[in-house]
$ cat final_27.txt   # compact mmCIF, C-alpha atoms
# COMPACT_ATOMS: atom_id res chain seq x y z
CA MET A 1 -10.39 9.54 7.87
CA LYS A 2 -12.20 12.74 7.03
CA MET A 3 -15.36 13.50 5.15
CA GLY A 4 -15.22 16.38 2.68
CA GLN A 5 -16.76 19.73 3.62
CA GLY A 6 -19.13 19.31 0.70
CA VAL A 7 -21.42 17.10 2.80
CA GLU A 8 -22.19 19.87 5.29
CA TRP A 9 -22.69 22.39 2.47
CA ALA A 10 -24.93 20.10 0.44
CA LEU A 11 -27.13 19.21 3.42
CA HIS A 12 -27.72 22.86 4.34
CA CYS A 13 -28.40 23.79 0.73
CA CYS A 14 -30.97 21.01 0.38
CA VAL A 15 -32.72 22.09 3.60
CA ASN A 16 -32.88 25.63 2.21
CA MET A 17 -34.22 24.41 -1.14
CA SER A 18 -36.96 22.51 0.68
CA TRP A 19 -38.20 25.91 1.89
CA SER A 20 -38.34 27.41 -1.58
CA PRO A 21 -41.92 28.47 -2.41
CA SER A 22 -43.42 26.05 -4.96
CA GLY A 23 -39.98 24.49 -5.38
CA GLU A 24 -38.58 27.48 -7.28
CA ALA A 25 -34.90 27.22 -8.21
CA VAL A 26 -32.39 28.68 -5.77
CA ASN A 27 -29.42 30.60 -7.10
CA SER A 28 -26.17 28.90 -6.10
CA ALA A 29 -24.19 32.17 -5.93
CA ARG A 30 -26.68 33.36 -3.28
CA LEU A 31 -26.26 30.10 -1.37
CA ALA A 32 -22.48 30.54 -1.46
CA GLU A 33 -22.83 34.15 -0.32
CA LEU A 34 -25.18 33.20 2.55
CA TYR A 35 -22.61 30.88 4.14
CA LYS A 36 -19.44 32.56 2.80
CA LEU A 37 -18.52 29.51 0.73
CA PRO A 38 -16.36 29.40 -2.43
CA SER A 39 -18.97 29.61 -5.16
CA ALA A 40 -17.30 27.41 -7.79
CA TYR A 41 -16.60 24.64 -5.30
CA LEU A 42 -20.14 24.76 -3.92
CA ASN A 43 -21.42 24.54 -7.48
CA LYS A 44 -19.38 21.40 -8.00
CA GLN A 45 -21.06 19.77 -4.99
CA LEU A 46 -24.51 20.75 -6.20
CA GLN A 47 -23.73 19.30 -9.63
CA ALA A 48 -22.89 16.02 -7.91
CA LEU A 49 -26.37 16.10 -6.36
CA VAL A 50 -27.84 16.68 -9.83
CA ARG A 51 -26.00 13.63 -11.15
CA ALA A 52 -27.39 11.60 -8.25
CA GLY A 53 -30.96 12.68 -9.08
CA ILE A 54 -31.37 14.65 -5.84
CA LEU A 55 -31.40 18.10 -7.44
CA SER A 56 -32.26 19.38 -10.87
CA SER A 57 -30.68 22.44 -12.37
CA VAL A 58 -32.71 25.13 -14.05
CA SER A 59 -31.16 27.53 -16.55
CA GLY A 60 -32.21 31.06 -17.36
CA PRO A 61 -32.46 34.32 -15.43
CA ARG A 62 -34.39 32.72 -12.55
CA GLY A 63 -32.25 29.58 -12.77
CA GLY A 64 -30.40 27.67 -10.13
CA PHE A 65 -31.05 24.40 -8.34
CA GLN A 66 -34.20 22.82 -6.97
CA LEU A 67 -34.98 19.54 -5.26
CA ALA A 68 -35.67 16.84 -7.83
CA ARG A 69 -38.05 15.04 -5.47
CA ARG A 70 -40.00 15.70 -2.30
CA PRO A 71 -37.76 16.42 0.73
CA GLU A 72 -39.43 13.48 2.56
CA LYS A 73 -37.87 11.26 -0.11
CA ILE A 74 -34.32 12.58 0.24
CA THR A 75 -32.37 10.99 3.06
CA VAL A 76 -29.15 12.27 4.54
CA LEU A 77 -27.55 9.04 3.32
CA ASP A 78 -28.57 9.87 -0.29
CA ILE A 79 -26.68 13.15 -0.01
CA VAL A 80 -23.62 11.70 1.75
CA LEU A 81 -23.25 8.98 -0.90
CA ALA A 82 -23.77 11.48 -3.74
CA ILE A 83 -20.95 13.67 -2.42
CA GLU A 84 -18.56 11.09 -0.98
CA GLY A 85 -19.23 8.26 -3.43
CA PRO A 86 -20.85 4.89 -2.78
CA GLU A 87 -17.72 3.06 -1.59
CA PRO A 88 -17.53 2.09 2.07
CA ALA A 89 -14.87 3.81 4.18
CA PHE A 90 -13.33 0.46 5.13
CA ARG A 91 -12.24 -1.39 2.00
CA CYS A 92 -11.15 -4.92 2.82
CA GLU A 93 -8.01 -5.78 0.90
CA SER A 94 -8.39 -9.40 1.90
CA ILE A 95 -4.89 -9.72 3.36
CA LEU A 96 -5.88 -13.14 4.73
CA GLY A 97 -5.76 -14.31 1.13
CA ASN A 98 -2.04 -13.39 0.96
CA SER A 99 -1.10 -15.94 3.59
CA PRO A 100 0.66 -19.12 2.42
CA ASP A 101 -2.05 -21.04 4.32
CA ALA A 102 -4.90 -19.27 2.52
CA ASP A 103 -7.59 -21.24 0.74
CA GLN A 104 -7.54 -19.82 -2.77
CA LEU A 105 -11.22 -20.68 -3.23
CA GLU A 106 -12.29 -18.74 -0.14
CA ASP A 107 -13.86 -15.29 -0.58
CA TYR A 108 -12.19 -13.60 2.40
CA VAL A 109 -13.87 -10.25 1.77
CA ARG A 110 -17.14 -11.97 2.74
CA SER A 111 -15.92 -14.53 5.26
CA CYS A 112 -13.20 -12.63 7.16
CA LEU A 113 -14.44 -11.73 10.62
CA VAL A 114 -12.53 -8.44 10.63
CA SER A 115 -14.14 -7.46 7.35
CA GLN A 116 -17.60 -8.47 8.65
CA THR A 117 -17.18 -6.40 11.82
CA MET A 118 -16.18 -3.32 9.86
CA ARG A 119 -19.04 -3.85 7.39
CA GLN A 120 -21.64 -4.19 10.15
CA ALA A 121 -20.48 -0.95 11.76
CA GLU A 122 -20.66 0.87 8.45
CA LEU A 123 -24.17 -0.53 7.96
CA ALA A 124 -25.19 0.89 11.34
CA TRP A 125 -23.83 4.28 10.23
CA ARG A 126 -25.67 4.14 6.92
CA GLN A 127 -28.91 3.07 8.61
CA ALA A 128 -28.71 6.04 10.98
CA LEU A 129 -28.17 8.39 8.03
CA SER A 130 -31.00 6.83 6.06
CA ARG A 131 -33.50 7.37 8.89
CA GLN A 132 -33.20 11.16 8.65
CA THR A 133 -34.61 13.07 5.68
CA ILE A 134 -34.26 16.64 4.45
CA ALA A 135 -37.90 17.20 5.41
CA GLY A 136 -37.19 15.92 8.92
CA ILE A 137 -34.20 18.20 9.37
CA ALA A 138 -36.10 21.19 7.95
CA ALA A 139 -38.99 20.59 10.37
CA SER A 140 -36.60 20.35 13.33
CA VAL A 141 -34.84 23.55 12.27
CA GLU A 142 -38.19 25.36 12.04
CA ARG A 143 -39.08 24.24 15.56
CA LYS A 144 -35.71 25.11 17.05
CA PHE A 145 -34.94 28.32 15.14
CA PRO A 146 -38.37 29.83 14.38
CA THR A 147 -37.05 32.66 12.19
CA ALA A 148 -34.59 30.54 10.18
CA LYS A 149 -36.88 29.73 7.27
CA LYS A 150 -38.05 33.33 6.78
CA ASP A 151 -34.54 34.79 7.22
CA THR A 152 -33.07 32.30 4.78
CA LEU A 153 -35.69 32.88 2.12
CA GLN A 154 -35.19 36.63 2.36
CA ARG A 155 -31.48 36.13 1.66
CA LEU A 156 -31.92 33.56 -1.10
CA MET A 157 -35.00 34.89 -2.85
CA PRO A 158 -35.16 38.57 -1.95
CA ALA A 159 -37.71 39.37 -4.66
CA ARG A 160 -40.11 36.89 -3.09
CA GLY A 161 -39.24 37.68 0.50
CA MET B 1 -13.84 9.04 2.42
CA LYS B 2 -11.49 6.12 2.89
CA MET B 3 -10.01 4.50 5.93
CA GLY B 4 -6.29 3.67 5.77
CA GLN B 5 -5.20 0.08 5.13
CA GLY B 6 -3.53 0.13 8.53
CA VAL B 7 -6.84 -0.64 10.25
CA GLU B 8 -7.20 -4.02 8.52
CA TRP B 9 -3.54 -4.86 9.18
CA ALA B 10 -3.68 -3.83 12.83
CA LEU B 11 -6.84 -5.82 13.52
CA HIS B 12 -5.41 -9.02 12.03
CA CYS B 13 -2.12 -8.55 13.87
CA CYS B 14 -3.93 -8.12 17.19
CA VAL B 15 -6.02 -11.26 16.60
CA ASN B 16 -2.78 -13.16 15.90
CA MET B 17 -1.13 -11.76 19.02
CA SER B 18 -4.10 -12.94 21.09
CA TRP B 19 -3.13 -16.47 20.06
CA SER B 20 0.48 -16.12 21.17
CA PRO B 21 1.27 -18.67 23.92
CA SER B 22 1.55 -16.91 27.30
CA GLY B 23 1.42 -13.58 25.45
CA GLU B 24 4.93 -13.91 24.03
CA ALA B 25 6.00 -11.10 21.69
CA VAL B 26 5.35 -11.58 17.99
CA ASN B 27 7.97 -10.50 15.49
CA SER B 28 6.63 -7.78 13.20
CA ALA B 29 8.76 -8.84 10.24
CA ARG B 30 7.10 -12.27 10.43
CA LEU B 31 3.66 -10.62 10.56
CA ALA B 32 4.55 -8.57 7.48
CA GLU B 33 5.83 -11.69 5.72
CA LEU B 34 2.68 -13.68 6.58
CA TYR B 35 0.39 -11.22 4.80
CA LYS B 36 2.92 -9.86 2.26
CA LEU B 37 2.77 -6.38 3.78
CA PRO B 38 5.46 -3.66 3.65
CA SER B 39 7.35 -4.25 6.87
CA ALA B 40 8.29 -0.65 7.73
CA TYR B 41 4.76 0.60 7.18
CA LEU B 42 3.26 -2.22 9.23
CA ASN B 43 5.71 -1.38 12.00
CA LYS B 44 4.46 2.21 11.94
CA GLN B 45 0.89 1.02 12.51
CA LEU B 46 1.95 -1.24 15.36
CA GLN B 47 3.84 1.63 16.97
CA ALA B 48 0.61 3.65 16.88
CA LEU B 49 -1.04 0.81 18.82
CA VAL B 50 1.80 0.97 21.36
CA ARG B 51 1.24 4.71 21.81
CA ALA B 52 -2.47 4.00 22.38
CA GLY B 53 -1.67 1.44 25.10
CA ILE B 54 -3.05 -1.48 23.07
CA LEU B 55 0.31 -3.16 22.40
CA SER B 56 3.63 -3.12 24.16
CA SER B 57 6.90 -3.58 22.36
CA VAL B 58 9.57 -5.96 23.60
CA SER B 59 13.20 -5.58 22.60
CA GLY B 60 15.86 -8.26 22.31
CA PRO B 61 16.31 -11.42 20.21
CA ARG B 62 12.80 -12.70 21.04
CA GLY B 63 11.36 -9.20 20.80
CA GLY B 64 8.41 -7.86 18.93
CA PHE B 65 4.92 -6.81 19.93
CA GLN B 66 2.44 -8.23 22.39
CA LEU B 67 -1.01 -7.23 23.58
CA ALA B 68 -0.76 -4.77 26.46
CA ARG B 69 -4.03 -5.99 27.95
CA ARG B 70 -6.38 -8.94 27.69
CA PRO B 71 -7.98 -9.33 24.24
CA GLU B 72 -11.43 -9.16 25.90
CA LYS B 73 -10.48 -5.59 26.85
CA ILE B 74 -9.45 -4.44 23.38
CA THR B 75 -12.34 -3.34 21.20
CA VAL B 76 -12.26 -2.86 17.47
CA LEU B 77 -13.06 0.80 18.14
CA ASP B 78 -9.90 1.13 20.27
CA ILE B 79 -7.83 -0.03 17.31
CA VAL B 80 -9.64 2.06 14.70
CA LEU B 81 -9.19 5.22 16.79
CA ALA B 82 -5.53 4.41 17.49
CA ILE B 83 -4.81 4.11 13.75
CA GLU B 84 -7.17 6.72 12.30
CA GLY B 85 -7.08 9.23 15.14
CA PRO B 86 -9.88 10.23 17.51
CA GLU B 87 -11.47 12.90 15.29
CA PRO B 88 -14.90 12.13 13.82
CA ALA B 89 -15.10 11.72 10.04
CA PHE B 90 -17.66 14.52 9.80
CA ARG B 91 -16.21 17.72 11.18
CA CYS B 92 -18.84 20.41 11.42
CA GLU B 93 -17.44 23.72 10.24
CA SER B 94 -20.48 25.49 11.56
CA ILE B 95 -21.32 27.25 8.31
CA LEU B 96 -24.61 28.38 9.86
CA GLY B 97 -22.51 30.75 11.94
CA ASN B 98 -21.30 32.46 8.73
CA SER B 99 -24.78 33.64 7.83
CA PRO B 100 -25.55 37.34 8.34
CA ASP B 101 -28.59 36.21 10.36
CA ALA B 102 -26.52 34.02 12.68
CA ASP B 103 -26.74 34.43 16.42
CA GLN B 104 -23.11 34.98 17.43
CA LEU B 105 -23.80 33.50 20.88
CA GLU B 106 -25.18 30.26 19.46
CA ASP B 107 -22.93 27.14 19.45
CA TYR B 108 -23.97 25.80 16.04
CA VAL B 109 -21.68 22.79 16.25
CA ARG B 110 -23.95 21.56 19.04
CA SER B 111 -27.30 22.93 17.99
CA CYS B 112 -27.25 22.57 14.20
CA LEU B 113 -29.57 19.75 13.17
CA VAL B 114 -27.29 18.70 10.30
CA SER B 115 -24.36 18.44 12.69
CA GLN B 116 -26.48 16.45 15.17
CA THR B 117 -27.62 13.99 12.50
CA MET B 118 -24.07 13.34 11.36
CA ARG B 119 -22.88 12.97 14.95
CA GLN B 120 -25.62 10.47 15.84
CA ALA B 121 -24.72 8.32 12.84
CA GLU B 122 -21.06 8.36 13.78
CA LEU B 123 -22.03 7.37 17.29
CA ALA B 124 -23.94 4.37 15.92
CA TRP B 125 -20.81 3.39 13.99
CA ARG B 126 -18.58 3.74 17.03
CA GLN B 127 -21.01 1.78 19.20
CA ALA B 128 -21.02 -1.09 16.69
CA LEU B 129 -17.21 -1.12 16.68
CA SER B 130 -17.03 -0.97 20.45
CA ARG B 131 -19.26 -4.03 20.84
CA GLN B 132 -16.71 -6.30 19.14
CA THR B 133 -13.43 -7.22 20.84
CA ILE B 134 -10.24 -8.89 19.65
CA ALA B 135 -11.15 -11.89 21.82
CA GLY B 136 -14.56 -12.07 20.15
CA ILE B 137 -13.10 -11.95 16.65
CA ALA B 138 -10.43 -14.53 17.55
CA ALA B 139 -13.09 -16.91 18.90
CA SER B 140 -15.21 -16.52 15.76
CA VAL B 141 -12.17 -17.14 13.54
CA GLU B 142 -11.36 -20.33 15.51
CA ARG B 143 -14.92 -21.58 15.01
CA LYS B 144 -15.06 -20.74 11.33
CA PHE B 145 -11.50 -21.62 10.31
CA PRO B 146 -10.47 -24.43 12.69
CA THR B 147 -6.84 -24.62 11.50
CA ALA B 148 -6.23 -20.84 11.43
CA LYS B 149 -4.77 -20.48 14.92
CA LYS B 150 -2.36 -23.41 14.55
CA ASP B 151 -1.31 -22.44 11.01
CA THR B 152 -0.74 -18.83 12.05
CA LEU B 153 1.32 -19.71 15.10
CA GLN B 154 3.50 -22.03 13.04
CA ARG B 155 4.27 -19.14 10.69
CA LEU B 156 4.77 -16.53 13.38
CA MET B 157 6.53 -18.58 16.06
CA PRO B 158 8.07 -21.53 14.24
CA ALA B 159 10.27 -22.53 17.20
CA ARG B 160 7.16 -22.98 19.34
CA GLY B 161 4.99 -24.48 16.62
$ encode --input "final_27.txt" --output "structure tokens"
Amino acid sequence: MKMGQGVEWALHCCVNMSWSPSGEAVNSARLAELYKLPSAYLNKQLQALVRAGILSSVSGPRGGFQLARRPEKITVLDIVLAIEGPEPAFRCESILGNSPDADQLEDYVRSCLVSQTMRQAELAWRQALSRQTIAGIAASVERKFPTAKKDTLQRLMPARG
Amino acid sequence: MKMGQGVEWALHCCVNMSWSPSGEAVNSARLAELYKLPSAYLNKQLQALVRAGILSSVSGPRGGFQLARRPEKITVLDIVLAIEGPEPAFRCESILGNSPDADQLEDYVRSCLVSQTMRQAELAWRQALSRQTIAGIAASVERKFPTAKKDTLQRLMPARG
């Protein structure tokens, strides 16, 4: 079981966009260049965030992507689900229902204790991801790496420094 | 991100084995038949549990698989890791280290706030899975589906009923 690389990319890009002065759009080619990522594939991830209402895309010479809402309102879970899809990792196939002794009226996806255990664990994972926001990560980065915001903005928005 | 079907199969098989009288081996073809699963592929999953020290395999006419330790000592996490592998779902590729401003002495896998957030969530997931054991699931099944143990043993070990 492996999460796509797009989650890491998207999270870092959103943190960077939260630093953009007055929410100006950030050029995705510059984001790709900053982290040495394949530009077209990064763009695909950012488009998925647009579809999920996390980013908006801006066209034109100063175009690119910007956060569609305040970074306090974007959780890590929002981004993970936008990139990986809303389906849980464990998908109960209700094999109990295949047994000759199965009750055909029983909803084993709900009642099976194996399925419940896996669902509860996934809920704990989602809750942990939903407690952290892009604003929270950005603030922690600024505390831990004091030059990160300035360095990043100089790379992404050189005209603005 | 999707977990393999083998996790669901392996968990149910282990619950069934916990019901086996005096820990007698359970025939894997009968397990496959019970849930209408592909026998060779189920066998592959059970072999992975043997390699992880969760099951032992018994050869001979009454052969099959049995729990290698008490069901109170087998957590759901043990089984998930045996089937899916020990790697976390989120694998930090440390893209921060690709930046021209990166500190080449910094271990970004550890210090990156994105990486930490993802790791904490995965820890919450693993902790939830490690709190539930095969014995715990089996006991809940017996409470909720009072005929399940007897019905299952009749299918899996008809000679013993």
$ closest_residue --input "final_27.txt" --among "B:Thr75, B:Gln132, B:Gln66, B:Gln127" --to "Gly23 in chain B" --atoms "only C-alpha atoms"
B:Gln66
$ closest_residue --input "final_27.txt" --among "A:Leu49, A:Leu31, A:Leu156, A:Leu11" --to "chain B" --atoms "all atoms listed in the file"
A:Leu11
$ atom_distance --input "final_27.txt" --atom1 "CA of Ala89 in chain A" --atom2 "CA of Met1 in chain B"
5.6 Å
$ atom_distance --input "final_27.txt" --atom1 "CA of Ser115 in chain A" --atom2 "CA of His12 in chain B"
10.0 Å
$ residues_near_point --input "final_27.txt" --point "(5.4, -18.1, 10.3)" --cutoff "8 Å" --atoms "only C-alpha atoms" --output "list of chain:residue names"
B:Arg30, B:Leu31, B:Glu33, B:Leu34, B:Thr152, B:Leu153, B:Gln154, B:Arg155, B:Leu156, B:Met157, B:Pro158
$ closest_residue --input "final_27.txt" --among "B:Leu113, B:Ala32, B:Glu8, B:Val50" --to "Leu96 in chain B" --atoms "only C-alpha atoms"
B:Leu113
$ closest_atom_pairs --input "final_27.txt" --of "chain A" --to "chain B" --cutoff "6 Å" --atoms "all atoms listed in the file" --output "CSV"
residue,atom,partner,partner_atom,distance
A:Met1,CA,B:Met3,CA,5.4
A:Lys2,CA,B:Ala89,CA,4.3
A:Met3,CA,B:Ala89,CA,5.2
A:Leu34,CA,B:Ser99,CA,5.3
A:Tyr35,CA,B:Asn98,CA,5.0
A:Ala89,CA,B:Lys2,CA,4.3
A:Phe90,CA,B:Met3,CA,5.3
A:Ile95,CA,B:Tyr35,CA,5.7
A:Asn98,CA,B:Tyr35,CA,5.0
A:Ser99,CA,B:Tyr35,CA,5.1
A:Ala121,CA,B:Trp125,CA,4.9
A:Ala124,CA,B:Trp125,CA,5.7
A:Trp125,CA,B:Ala121,CA,4.9
A:Ala128,CA,B:Ala121,CA,5.0
A:Leu129,CA,B:Ala121,CA,5.9
$ atom_distance --input "final_27.txt" --atom1 "CA of Ala52 in chain A" --atom2 "CA of Ala10 in chain A"
12.4 Å
$ residues_near_point --input "final_27.txt" --point "(-32.9, 24.7, -9.2)" --cutoff "6 Å" --atoms "all atoms listed in the file" --output "ChimeraX atom specification"
/A:25-26,56-58,64-66
$ axis_aligned_box --input "final_27.txt" --around "range 26-40 of chain B" --padding-each-side "6 Å" --output "lines of an AutoDock Vina configuration file"
center_x = 4.6
center_y = -7.2
center_z = 10.1
size_x = 20.4
size_y = 25.0
size_z = 27.7
